[in-house]
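Below is one structure, written out as C-alpha cells; comments come after it.
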Amino acid sequence: MPSGYRPDRETDFAGFPSTTPIVIDNGASTFRIGWAGEAEPRVAFRNIVQRPRHRSSGETVTVVGDTDPALMKYFDCTRSAIRSPFDDDVVYQFEYMEYILDFGFDRLGATSEVGHPILMTECECNPSFSRARMSELLFETYGVPSIAFGIDDVFSYKYNQKLGNCGEDGLAISCEHGTCHVVPFLKGEPVLGACCRTNVGGFHITDFLRQLLSLKYPYHSASITWEKAEELKKEHCYVALDYMSELQIFKNNKEEAEEKTRYWQLPWVPPPVEEPPSEEELARKAALKEKAGQRLRDMAAAKRSQKIAELEKQLSYLEELMEQLDGAEEEEATAILGRSGYLSQQEIKSAILKATQSLRKAKGESNGNEEKADASGVDKYPLVSVPDETLTPEQLKEKKKQILLKTTTEGRMRAKQRRAEEEALREKQEEERRLENPELYLEELRARYSELSDRVDQRKRQKLNGGKTNGNHNSSGGVGRGERLNAAQKERMRLLTSAAFDRGKGEDTFGTRDEDWLVYKKMSKDNDDDDDGNDDDESELARIASKIQDMDPTFVNKAEAVQQTPEPPKVRTLTAEDYRISIGIERFRCPEILFQPGMIGIDQAGIDEMVSISLRRLMEDEAVKERLCQSILVTGGCSLIPGMIPRLESGIRQFRPYLSPLKLVRAADPLIDAWRGAAAFAASSKFGRHTFSLADYREHGENLFHRYNIVYSL
C-alpha cells in the first residue's frame, strides 16, 4: 500500500452496526483483527512493514505483512529493511503502526472512517506514553468513537478459565515474540504488582538459530534467512528436559545423536559429466586447427614475399649507386655520396653485404660463418678500413672509438675461445678420471661442491652483513657500520671521499678534468672483478651440481631445494553433502535461552526462575502460593515448542518445597486465545464501562491514561 494511503470515505462496513466493536490483537509477531463475538479473527498477518522501490517506475511502495517472493522480484529491496513498530513488545514506531492499521482496516472492509469502538490488546505495564500515542492515532486518523485497552495474557487466561483449563487462582506464563511474562491471579483478578518480565522470546530463539547456522556454514549464509530460521525453529527445535545430559548425548553417544540430528538439503545441481569427444568432434577440431594454421602460413608467406621485394629493390639501388661511383671522378663521387646519405664507398659495400645476407635469409638460403663474421665486423665498424684522408675530423674521432671497440671485442672473443678450449680440455681430463675411478671422482665432485657452496654463501652474507668485524662487536649482538661493508665497498667510499674533499676548500671543480673520471673507472673495475668472481663460482657450482646429479640421481641441489614451491591444493568437486545443513545441538540449544538468557548476553532470569520471583512478590502465605501453583497456564507461541511443559515443571519444582503440588497446562490455542478472550469481552455488556471516548481524550489529554484502568476482568 503506498505511503499516505487512505481508504475512500464514501461507504461504511457492510453488515455490521456501528456499535459492534472491532477487536485487535496487536502482537509483536502477528496482527489479528476481527469482530466482537466471533470465534476467529477475520484478518491475520505478520506485524512488519517494508518500503521497497519498484524496479521500473522507481516509485516507493509500502508492503505490509507477509510477502510473495514471486511479486517481490519486481521491487528493489536492497535499500529497505524489514521494520517492526515494536521494541520489546512496546509500540514505539507509530509511523509503521499507521501503515499496519491502514492495511488491517482495509482488509476488514473499511472504506470510510472507522466508526466502531476498538478493543486493542497490549503487554503488561505498557507505558502511558505508548498508549497515549496509540489513542491519538486511532482518534485523529481513523475517527474511532471509543477505545479500550486490555492485557493479552489476561484475556487468554480468562478464556481458558471458561474452558475449565485453569482456576480463579493461578499463574499465567506467557512466552511471546519478544518477551516472557509471569502474571499471578487471585480470585480471578491479575496482580500486576507481582508480575515478572524477561526480555527474551521467540524472536531471540530464531535469531540465535540463524547466527549459529551462519557461523557453522558461512558459505551458505545467504540461504539462511530469518524467515527460514523461523521455519526450522517451528519444525525441528525442542526443549531438553536436562540440558547438560542432552549435550553429553551428542558428545558421547554418536548413534543416538545421529537419530536426533535433522538435515536441511539446499538446492544442488550435479555438475555435468564431461564425456570424451567423439571421432567426428576430434576431426572437426583438427580441421578447424588446420584451417587456422594454413591462414597463418599464408599471411607469413605474403609478408616474406613483401620483404623479399623490398630487399631486392634496396639491393638494386645500392648496386646502381656503386656503378655510378666506380665511373665517376672524385668531386662527382663526393656529390653522389652527399645525395645518397652515405659517407664512403666502404659503407655502401657494407650495406650491400647486409642486404644480400638479409635477402638470402628471407629466401631460406644458408650463409657461411665467415660471411656472418665479416658482415658483423663491417657493419659495426664501417670506418676502420676507410683511409684517414677521406674523413672529416668528427669521423676521425669516431674511427678511433671504433678501432678501440673492435680491438676490445676481438680480445674478448679470443679470450672466450681460449676459455672454451680450456673447458674442453678440462672436460676431457675429468671424463678420463671418471672412467678410471668413478667413486673417487664422485667424492672429489662432492668436496668441490661443498667448498664452492660455502664460498658463495659466505659472499652473499658479506653483501648483507660484511665479512670483517673491525672490532665493532657490541654486547647486544648488533652489527656495526664497518661490518656491513666489504673491502670493495670501503675502497669505493674512500675514493669518493677523497675525490669530493681533496680538491680544495673553495669551489667544487670535480669533473672539469678528464683524469677526474678515472675514479669511476677504477671503482667500476673493482666492482666488475668482484661480480665476475661471483659469477664464475656460481656457474662452476651449477656445472658440478649437474655432474653429481648425472652420477647420483638422489642428489638434491641446494638452490633447487630452496626454489621449490608447494603445489597448489586441488579444488574438490562440490557434492550434495556440501549443500546439506545439519541441525543437531542447535535444536535444543536455541530454546534453552528461555531458561538461560545469559547464553546470548542477557543478564536476566529464566522463565522458571520468574515464577519464583513472582510468587515472592505476592507477599502471601504458603497456602496461597500452593493454590496458585496448582493452576499454571502456559500460553504464547513459544509454548508450542516440544518439551516446554515438562521442562517448565522440572525447573519450577527446583524453587518449590519438596513434594509441593504443581500442575501446568498449555492453553487451548496459545496463538489465538488472547484474541478470542478479547472478542468475548467486547461482545459482553461490561465492555462499555471500560472504554473512553474522543471527548474524554480531548478533555483530559495524556493525563487520562495515568488514572485509566486497563481491562482485566470479564
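Ordered as shown in the C-alpha cells, chains take letters A, B, and onward, while each chain numbers its residues from 1 and ligands are numbered from 1 in the order shown.
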*Shell of 12 Å around Ser450 (chain A), only C-alpha atoms, local chain residues under 4 positions omitted, as a ChimeraX atom specification*: /A:443-446,454-457,537,540-542,544-545,548,557-558
Now that the selection is made, can you save its residues with N, CA and C atoms as a PDB file, in the first residue's frame?
ATOM      1  N   GLU A 443      83.498 -38.437  -5.140  1.00  0.00           N
ATOM      2  CA  GLU A 443      83.869 -37.823  -3.861  1.00  0.00           C
ATOM      3  C   GLU A 443      84.538 -36.469  -4.082  1.00  0.00           C
ATOM      4  N   GLU A 444      85.403 -36.383  -5.095  1.00  0.00           N
ATOM      5  CA  GLU A 444      86.051 -35.098  -5.394  1.00  0.00           C
ATOM      6  C   GLU A 444      85.018 -34.044  -5.806  1.00  0.00           C
ATOM      7  N   LEU A 445      84.040 -34.487  -6.610  1.00  0.00           N
ATOM      8  CA  LEU A 445      82.998 -33.536  -7.013  1.00  0.00           C
ATOM      9  C   LEU A 445      82.202 -33.048  -5.806  1.00  0.00           C
ATOM     10  N   ARG A 446      81.868 -33.949  -4.897  1.00  0.00           N
ATOM     11  CA  ARG A 446      81.119 -33.549  -3.710  1.00  0.00           C
ATOM     12  C   ARG A 446      81.919 -32.580  -2.843  1.00  0.00           C
ATOM     13  N   ASP A 454      79.912 -23.190   0.122  1.00  0.00           N
ATOM     14  CA  ASP A 454      80.232 -22.375   1.288  1.00  0.00           C
ATOM     15  C   ASP A 454      80.764 -21.008   0.879  1.00  0.00           C
ATOM     16  N   ARG A 455      81.570 -20.982  -0.184  1.00  0.00           N
ATOM     17  CA  ARG A 455      82.124 -19.707  -0.627  1.00  0.00           C
ATOM     18  C   ARG A 455      81.022 -18.774  -1.141  1.00  0.00           C
ATOM     19  N   VAL A 456      80.105 -19.317  -1.915  1.00  0.00           N
ATOM     20  CA  VAL A 456      79.006 -18.491  -2.444  1.00  0.00           C
ATOM     21  C   VAL A 456      78.121 -17.988  -1.303  1.00  0.00           C
ATOM     22  N   ASP A 457      77.829 -18.856  -0.347  1.00  0.00           N
ATOM     23  CA  ASP A 457      77.008 -18.421   0.793  1.00  0.00           C
ATOM     24  C   ASP A 457      77.715 -17.349   1.610  1.00  0.00           C
ATOM     25  N   ASP A 537      82.071 -18.510  -9.784  1.00  0.00           N
ATOM     26  CA  ASP A 537      81.811 -19.524  -8.765  1.00  0.00           C
ATOM     27  C   ASP A 537      80.415 -20.113  -8.900  1.00  0.00           C
ATOM     28  N   GLU A 540      80.332 -22.403 -11.951  1.00  0.00           N
ATOM     29  CA  GLU A 540      81.067 -23.635 -11.663  1.00  0.00           C
ATOM     30  C   GLU A 540      80.267 -24.518 -10.707  1.00  0.00           C
ATOM     31  N   LEU A 541      79.599 -23.894  -9.731  1.00  0.00           N
ATOM     32  CA  LEU A 541      78.771 -24.645  -8.798  1.00  0.00           C
ATOM     33  C   LEU A 541      77.621 -25.343  -9.525  1.00  0.00           C
ATOM     34  N   ALA A 542      77.001 -24.651 -10.462  1.00  0.00           N
ATOM     35  CA  ALA A 542      75.907 -25.259 -11.229  1.00  0.00           C
ATOM     36  C   ALA A 542      76.418 -26.408 -12.099  1.00  0.00           C
ATOM     37  N   ILE A 544      79.091 -28.366 -11.524  1.00  0.00           N
ATOM     38  CA  ILE A 544      79.420 -29.512 -10.681  1.00  0.00           C
ATOM     39  C   ILE A 544      78.144 -30.189 -10.181  1.00  0.00           C
ATOM     40  N   ALA A 545      77.138 -29.398  -9.810  1.00  0.00           N
ATOM     41  CA  ALA A 545      75.871 -29.982  -9.361  1.00  0.00           C
ATOM     42  C   ALA A 545      75.233 -30.819 -10.458  1.00  0.00           C
ATOM     43  N   ILE A 548      77.126 -34.113 -10.613  1.00  0.00           N
ATOM     44  CA  ILE A 548      76.797 -35.000  -9.497  1.00  0.00           C
ATOM     45  C   ILE A 548      75.415 -35.624  -9.697  1.00  0.00           C
ATOM     46  N   ASN A 557      70.147 -30.450  -5.278  1.00  0.00           N
ATOM     47  CA  ASN A 557      70.877 -29.190  -5.313  1.00  0.00           C
ATOM     48  C   ASN A 557      70.256 -28.212  -4.319  1.00  0.00           C
ATOM     49  N   LYS A 558      71.099 -27.475  -3.593  1.00  0.00           N
ATOM     50  CA  LYS A 558      70.595 -26.537  -2.595  1.00  0.00           C
ATOM     51  C   LYS A 558      69.757 -25.435  -3.229  1.00  0.00           C
TER      52      LYS A 558
END
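With only C-alpha atoms as the atoms that count, the residue of A:Glu136, A:Glu113, A:Asp673, A:Glu246 with the shortest distance to Glu702 (chain A) is A:Glu136.
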*For each of A:Pro267, A:Thr691, A:Leu296, A:Arg42, take the minimum atom-to-atom distance to Asp578 (chain A), counting only C-alpha atoms, then give the residue where this is smallest.*
A:Pro267
